[in-house]
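The structure under discussion appears below in the form of structure tokens.
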Amino acid sequence: MTTTRGSEEATTRIERHHYDVVVVGAGGAGLRAAIEARLAGKKTAIISKSLFGKAHTVMAEGGAAAAMGNVNSRDSWQVHFRDTMRGGKFLNNVRMAELHAKESPQRIWELETYGALFDRTKDGKISQRNFGGHEYPRLAHVGDRTGLELIRTLQQKIVSLQQEDRRQFGSYDARIKVFAETTITELILDGDRIAGAFGYYRESGEFILFEAPAVVLATGGVGRSYKVTSNSWEYTGDGHALALRAGATLINMEFLQFHPTGMVWPPSVKGILVTESVRGDGGVLKNSEGRRFMFDYVPDVFRKQYAETEAEADRWYTDPDNNRRPPELLPRDEVARAINSEVKAGRGTPAGGVFLDIASRRSAEEIRRRLPSMYHQFKELADVDITKEPMEVGPTCHYVMGGVEVDPDSGAAQGHVRGLFAAGEVSGGMHGSNRLGGNSLSDLLVFGKRAGGHAASYADGLAARPKVAVAAVEAAVETALAPLQRETGESPYTLQQDLQAVMGDLVGIIRRQDELEDALRRLAELRARVATVSAAGGRRYNPGWHLALDLRNMLVVSECTALAALERRESRGGHTREDFPTMDPGWRRVNLVCALDGETVSLARKPLPTMRPELIGLFDRAELAKYLTDEELAEFDARTEEAGS
Amino acid sequence: MGSRRQFRIWRGDASGGDLTDYQVEVNEGEVVLDVLHRLQATDAPDLACRWNCKAGKCGSCSMEINGRPRLSCMTRMSTFEETETVTVTPLRTFPVIRDLVTDVSYNYEKARETPAFAPPADVAPGDYRMRQVDVERSQEFRKCIECFLCQTVCHVVRDHEENKHAFAGPRYFIRAAELDMHPLDTRTDRKEYAQAEQGLGFCNITKCCTEVCPEHIKITDNGIIPMKERVVDRRYDPLVWLGNKIFRRGQVPQTSVSSGQHEDAVHSHAASGGVHSHAGGSHDASAEVQAQQGLNWHREVPKPTMPPVDDNGKLPLTELTFDRPAAPSPFGDDVTFPLPPEHLNFVHPNQDEQY
């Protein structure tokens, strides 16, 4: 097919492919979905923004949470479910948390049949490690490279399926093909049904059109909209934005996970997380004036448990029974809030962080012994010797809990679109307002499989294939080429920096009404500037052009986050409002749902689904009292009484 | 605290290109990738390079920095002199797409050809039991981040496009080794496959791959050499084989070769073909390296064979028990002298005329 382009009348070639299921994203969720669709006999395409096997999943270190009970046999899906709900502050989609807890052991065991090699227990089972928020040791792991193992295993499983297909059909690509370094810019609709996906090859800049009735989004998160992030360049919220433009809805976009102490300097390690144990082992936070400022930020509720003088705090490390804890060990959000305040008061480092000093407090030998991986990481990556100089740290964007609103069982996107599915970080609901460590890798597998399987059966159930309209493709071509054709207009790099500044400074870890309003104004200004972005150079592997196309995705997703953050007047999990510092049970019953109305983001409130009696019965009443409204508690009591009588 | 540094970066595409000079601001604590990003944001918005994690975990940003294959996210600017010009070029072994981006599809093709993990048929998911000490051997190789630095540095393909079809490269040797050492993999021919299909014999253990590996995997010592040794043990080397028989050293898995009492097994094996580089079977590694220079790798040379053994698995060492009045030839019964020139493992004066 050819279509004409602008005044140049040059023909634009578009490569056309027909598939049953197109999976956008080649991280854990995408690959697991593709495997499932292929196993269901569907012709499946995997679209990978980077090379095959480089997805951000490789960065996951901790492990994959699954209640296999290998280390502590008392573990069960019910306990895992309970931990997940607690972590998410009860805002999780209950059904997703339930499915996740129930199915993750099978998904992990399945990986072993694909060739994965997890660390073992003494009796030869998969070893499981402790992690914050998990009641029992639960994370299947491979040293500190569990994510890499997961990606490699799924990648190799796909190769093995391709080898099967080659034996049967004579071609590796007969039923499952990986399109590496390919970016999808538009989903094509036929009415309210998915008809295909349009994008470009990074290598050549040539366009590519997939005609397919079912699309699975597995594009990961949105971290690149933030100044300091541990996320890679791919994390521009593509799937979030594609879903919005296709008529789907996003939920929980106000919830982003920040780590209070990520490196902010030097640039070579910016965004890399500094484990909390640095503070547990004696590291202290200081501002640019050299003051140990955490003593100024102990909230009244914690006053009794935390030391008031430096002398007392320092005694705690050796004598915790007779002294109170140093204030550096306050909960994460308190630490983050304190760092944030210091930086905003002008007492931060030039790079916008504060100092984390362990060098002046422990001997070099002791630091190396207690924090070997930290020491080596910074020595090797940045030539920073943490035994000699303080680190510069600040809040770092890590993970987005919000995402495409999906049907919990099938992963089908909600809203006005059919044939669209989502899994992994791009989907929302599973983690509620905060994600437990280790739950993301198991989330990928559980819901990747479900989305892939349901996409396959959706494609099966169609009487006729939706049609790709020529006009829609022409519009997609025009949008994609526009940044290259503009002579004037700003550089995409400048715009990205400005966007990152707005999000990092005003919609960061601690939020305030006036700042959020300011952010929305600035995002509106940026929208006009992004609309006229100009990229220099040609179409072959031009990162400037690629960024220009990603910018509009980053922008619309950022608007969702800012709007939802302004609307939710409470603090919960990954959303902290300085002006509404407490959790409000009333807000627990509400999800904020973003949709795209023409070009503007609209926000609606939607009640949370209620918990089934056997699930809510897993919790103590005392615990529920922290989260539920009086009305809900009364209902709970009535039911308990009924059951008791 | 920043300073202006001199960079020379290869810009161009498949049709050609050149080193371009850039003056660029470099700040304390930066790595080469940071500098490339700054160039993108300033002088060269369309400078093509790959990257993802920027923490040495994904293996995307491989390039050659001052001629050495490196991850640019792991190459600190402080390792260069202030006045030193830093030259950045694309990986040499793979075709250039644009600037610092190369077409690495060769690696993915080789990955696709390597037989996948073969799970045991009778073990249900969840019932896999392995000892930590056993999985650790394979885990070392599974640390691989597929940066392909070992592939680009390997001299077998670095300047020898013609070897690519028959040579999978270090990355896929350790993939074979990993599966070979996998406690539950049911295929037993990983080493033989590496030798026959992946071109393991091309490797003459210069250890360049181990040297460039950012994950510090001992590619040669722990992967390639053990595979070579065992494949040689069992297949080619009569002396090692004999030693094993005499001293009963270890419990070498039985293969067709060591079941030598089947008289014809030995010969059928020799006839099975495959590429083998050094017909004479020299056991001196340095002599081998020398011998291989100037060789045509694609030449098919008969493999050395071992003489037949008796029912006890021993060589008939006396005339009384043997079928001929002398010790058997160490070159095997099917090698007759003089060898034709193309079968020699040194450069024959007339070799060029024939090839």
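The chains in the structure tokens are called A, B, ... from first to last as shown; in each chain the residues are counted from 1, and the ligands are counted from 1 in the order shown.
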
Residues of chain B were defined as contacting chain A if any atom lay at most 6 Å from it, counting only C-alpha atoms; please report them as a PyMOL selection string.
chain B and resi 29-31+41+45-46+48+52-53+58+74+112+116-117+119+125-126+129-132

Just write the chosen residues, N, CA and C atoms, as a compact mmCIF listing (two decimals), in the first residue's frame.
```txt
# COMPACT_ATOMS: atom_id res chain seq x y z
N GLY B 29 32.54 12.64 37.15
CA GLY B 29 31.70 11.48 37.47
C GLY B 29 30.88 10.96 36.31
N GLU B 30 31.12 11.46 35.09
CA GLU B 30 30.32 11.00 33.97
C GLU B 30 30.95 9.80 33.26
N VAL B 31 30.10 9.08 32.55
CA VAL B 31 30.59 7.98 31.72
C VAL B 31 30.41 8.39 30.26
N ALA B 41 21.65 16.08 22.96
CA ALA B 41 20.84 17.21 23.39
C ALA B 41 21.39 18.53 22.87
N PRO B 45 21.65 16.07 17.50
CA PRO B 45 20.37 15.51 17.96
C PRO B 45 20.03 14.16 17.32
N ASP B 46 20.60 13.89 16.15
CA ASP B 46 20.24 12.62 15.51
C ASP B 46 21.36 11.58 15.65
N ALA B 48 22.94 8.42 16.51
CA ALA B 48 22.29 7.16 16.84
C ALA B 48 23.16 6.32 17.75
N ASN B 52 19.78 1.34 27.25
CA ASN B 52 18.55 1.13 28.02
C ASN B 52 18.73 1.42 29.49
N CYS B 53 19.37 0.51 30.22
CA CYS B 53 19.30 0.58 31.68
C CYS B 53 20.29 1.59 32.25
N CYS B 58 21.82 -4.38 31.00
CA CYS B 58 21.02 -4.82 29.85
C CYS B 58 21.89 -5.12 28.63
N MET B 74 29.48 1.93 31.24
CA MET B 74 30.39 1.48 32.28
C MET B 74 31.79 2.02 32.05
N ARG B 112 18.87 -18.59 17.67
CA ARG B 112 17.73 -19.37 17.20
C ARG B 112 18.13 -20.77 16.75
N ALA B 116 17.03 -25.58 22.06
CA ALA B 116 16.54 -25.04 23.33
C ALA B 116 16.65 -26.08 24.44
N PHE B 117 16.40 -25.62 25.65
CA PHE B 117 16.34 -26.49 26.82
C PHE B 117 15.35 -27.62 26.57
N PRO B 119 13.24 -30.13 28.48
CA PRO B 119 12.82 -30.48 29.84
C PRO B 119 12.60 -31.98 29.99
N PRO B 125 5.86 -29.73 36.57
CA PRO B 125 6.25 -28.41 37.08
C PRO B 125 6.05 -28.38 38.59
N GLY B 126 7.02 -27.82 39.31
CA GLY B 126 6.92 -27.79 40.77
C GLY B 126 7.67 -28.94 41.42
N ARG B 129 13.87 -30.71 41.22
CA ARG B 129 14.76 -30.65 42.38
C ARG B 129 16.20 -30.59 41.88
N MET B 130 16.91 -29.57 42.32
CA MET B 130 18.31 -29.44 41.91
C MET B 130 19.11 -28.95 43.10
N ARG B 131 20.38 -29.29 43.13
CA ARG B 131 21.21 -28.80 44.22
C ARG B 131 21.82 -27.46 43.85
N GLN B 132 21.96 -26.59 44.83
CA GLN B 132 22.51 -25.25 44.56
C GLN B 132 23.85 -25.35 43.85
```

Residues at most 9 Å from Thr83 of chain B, counting only C-alpha atoms, excluding those fewer than 3 positions away in the same chain, as a ChimeraX atom specification?
/B:5-6,80

Would you return as number ranges by chain the members of segment 49-175 of chain B that DSSP assigns to helix (DSSP H, G or I) on this structure's backbone?
B: 72-74, 77-79, 105-113, 132-142, 149-153, 155-158, 161-166, 170-175

Using atom CA of Pro372 of chain A and atom CA of Arg76 of chain B as the two end points, give the distance in Å to one decimal.
20.4 Å

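The residue set within 10 Å of Asp518 of chain A, counting only C-alpha atoms and dropping same-chain residues fewer than 6 places from it, reads Val502, Leu506, Val507, Arg512, Ala524 and Ala562 of chain A.
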
Output file for the residues above (C-alpha atoms, as a short mmCIF file (atom, residue, chain, number, x, y, z; two decimals), in the first residue's frame):
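File part-v2.cif, as written:
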```cif
data_model
loop_
_atom_site.label_atom_id
_atom_site.label_comp_id
_atom_site.auth_asym_id
_atom_site.auth_seq_id
_atom_site.Cartn_x
_atom_site.Cartn_y
_atom_site.Cartn_z
CA VAL A 502 7.63 20.10 35.90
CA LEU A 506 5.69 19.79 41.17
CA VAL A 507 4.18 16.28 40.84
CA ARG A 512 0.56 20.25 47.29
CA ALA A 524 -0.92 22.91 29.15
CA ALA A 562 -1.26 15.58 37.84
#
```

What is the distance, in Å and to one decimal place, between atom CA of Arg38 of chain B and atom CA of Glu211 of chain B?
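Taking atom CA of Arg38 of chain B and atom CA of Glu211 of chain B, their separation equals 29.4 Å.
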
Surrounding residues of Ala475 of chain A excluding itself and chain neighbours under 5 positions, 10 Å, only C-alpha atoms, as a PyMOL selection string:
chain A and resi 186+470+480

Please produce an output containing C-alpha atoms for each residue in the selection, written as a PDB file, in the first residue's frame.
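Once written, selection_25.pdb looks like this:
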```
ATOM      1  CA  GLU A 186      -1.090   4.379  16.910  1.00  0.00           C
ATOM      2  CA  VAL A 470      -6.979   3.913   4.753  1.00  0.00           C
ATOM      3  CA  ALA A 480       4.602  10.394  12.618  1.00  0.00           C
TER       4      ALA A 480
END
```

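Here atom CA of Lys191 of chain B stands at a distance of 17.9 Å from atom CA of Asp134 of chain B.
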
Show which residues sit within 10 Å of Ala101 of chain A, as a PDB file with N, CA and C atoms, in the first residue's frame. Count only C-alpha atoms, and ignore same-chain residues fewer than 6 positions away.
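Dumped to out31.pdb:
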```
ATOM      1  N   ALA A  65       7.593 -12.812  43.770  1.00  0.00           N
ATOM      2  CA  ALA A  65       6.871 -13.294  44.943  1.00  0.00           C
ATOM      3  C   ALA A  65       5.867 -14.362  44.549  1.00  0.00           C
ATOM      4  N   ALA A  66       5.934 -15.502  45.221  1.00  0.00           N
ATOM      5  CA  ALA A  66       4.971 -16.571  44.978  1.00  0.00           C
ATOM      6  C   ALA A  66       4.903 -17.425  46.233  1.00  0.00           C
ATOM      7  N   ALA A  67       3.695 -17.665  46.699  1.00  0.00           N
ATOM      8  CA  ALA A  67       3.534 -18.403  47.958  1.00  0.00           C
ATOM      9  C   ALA A  67       3.693 -19.896  47.712  1.00  0.00           C
ATOM     10  N   SER A  76       0.852 -19.336  52.262  1.00  0.00           N
ATOM     11  CA  SER A  76      -0.224 -19.796  51.383  1.00  0.00           C
ATOM     12  C   SER A  76      -0.716 -18.604  50.585  1.00  0.00           C
ATOM     13  N   TRP A  77      -1.574 -18.852  49.601  1.00  0.00           N
ATOM     14  CA  TRP A  77      -2.040 -17.728  48.789  1.00  0.00           C
ATOM     15  C   TRP A  77      -2.800 -16.723  49.620  1.00  0.00           C
ATOM     16  N   GLN A  78      -3.478 -17.213  50.677  1.00  0.00           N
ATOM     17  CA  GLN A  78      -4.241 -16.276  51.507  1.00  0.00           C
ATOM     18  C   GLN A  78      -3.316 -15.270  52.193  1.00  0.00           C
ATOM     19  N   VAL A  79      -2.167 -15.769  52.667  1.00  0.00           N
ATOM     20  CA  VAL A  79      -1.235 -14.865  53.347  1.00  0.00           C
ATOM     21  C   VAL A  79      -0.646 -13.867  52.346  1.00  0.00           C
ATOM     22  N   HIS A  80      -0.334 -14.363  51.167  1.00  0.00           N
ATOM     23  CA  HIS A  80       0.210 -13.492  50.124  1.00  0.00           C
ATOM     24  C   HIS A  80      -0.822 -12.426  49.728  1.00  0.00           C
ATOM     25  N   PHE A  81      -2.050 -12.868  49.579  1.00  0.00           N
ATOM     26  CA  PHE A  81      -3.135 -11.937  49.247  1.00  0.00           C
ATOM     27  C   PHE A  81      -3.225 -10.842  50.304  1.00  0.00           C
ATOM     28  N   ARG A  82      -3.171 -11.262  51.572  1.00  0.00           N
ATOM     29  CA  ARG A  82      -3.300 -10.310  52.662  1.00  0.00           C
ATOM     30  C   ARG A  82      -2.162  -9.292  52.618  1.00  0.00           C
ATOM     31  N   ASP A  83      -0.940  -9.787  52.405  1.00  0.00           N
ATOM     32  CA  ASP A  83       0.208  -8.879  52.343  1.00  0.00           C
ATOM     33  C   ASP A  83       0.065  -7.881  51.200  1.00  0.00           C
ATOM     34  N   THR A  84      -0.413  -8.379  50.056  1.00  0.00           N
ATOM     35  CA  THR A  84      -0.560  -7.511  48.886  1.00  0.00           C
ATOM     36  C   THR A  84      -1.572  -6.400  49.153  1.00  0.00           C
ATOM     37  N   ARG A  95      -9.935  -8.785  43.103  1.00  0.00           N
ATOM     38  CA  ARG A  95      -9.904  -9.978  42.276  1.00  0.00           C
ATOM     39  C   ARG A  95      -8.499 -10.189  41.682  1.00  0.00           C
ATOM     40  N   ASN A 439       6.345  -8.297  43.906  1.00  0.00           N
ATOM     41  CA  ASN A 439       5.045  -8.561  43.288  1.00  0.00           C
ATOM     42  C   ASN A 439       5.008  -8.181  41.816  1.00  0.00           C
ATOM     43  N   SER A 442       5.982 -11.373  39.558  1.00  0.00           N
ATOM     44  CA  SER A 442       4.924 -12.385  39.502  1.00  0.00           C
ATOM     45  C   SER A 442       3.682 -11.828  38.798  1.00  0.00           C
ATOM     46  N   ASP A 443       3.429 -10.532  38.964  1.00  0.00           N
ATOM     47  CA  ASP A 443       2.335  -9.866  38.255  1.00  0.00           C
ATOM     48  C   ASP A 443       2.484 -10.048  36.737  1.00  0.00           C
ATOM     49  N   VAL A 446       1.607 -13.783  35.796  1.00  0.00           N
ATOM     50  CA  VAL A 446       0.205 -14.167  35.993  1.00  0.00           C
ATOM     51  C   VAL A 446      -0.688 -13.459  34.974  1.00  0.00           C
TER      52      VAL A 446
END
```

Point out the residue among A:Leu445, A:Leu516, A:Ala622, A:Leu462 with the least atom-to-atom distance to Gly419 of chain A, counting only C-alpha atoms.
A:Leu462

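Among the candidate residues B:Leu47, B:Val32, B:Leu100, B:Thr87, the one lying nearest to Thr75 of chain B is B:Val32, with distances computed using only C-alpha atoms.
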
As a list in words, please: every residue in segment 30-219 of chain B that DSSP puts in strand (DSSP E).
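Answer for segment 30-219 of chain B restricted to strand (DSSP E) is Ser62, Met63, Glu64, Ile65, Arg68, Pro69, Arg70, Leu71, Val86, Thr87, Val88, Thr89, Val96, Ile97, Arg98, Val101 and Thr102 of chain B.
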
Using only C-alpha atoms, determine which residues lie at most 10 Å from Gly30 of chain A, disregarding the query and same-chain residues fewer than 3 positions distant; provide the list as number ranges by chain.
A: 22-27, 33-36, 46-48, 55, 154, 216-220, 422-424, 444-445, 447-449, 451-452

Within 12 Å of Glu308 of chain A, counting only C-alpha atoms, which residues qualify if same-chain residues fewer than 5 places away don't, as number ranges by chain?
A: 292-299, 302-303, 313-316, 323-328
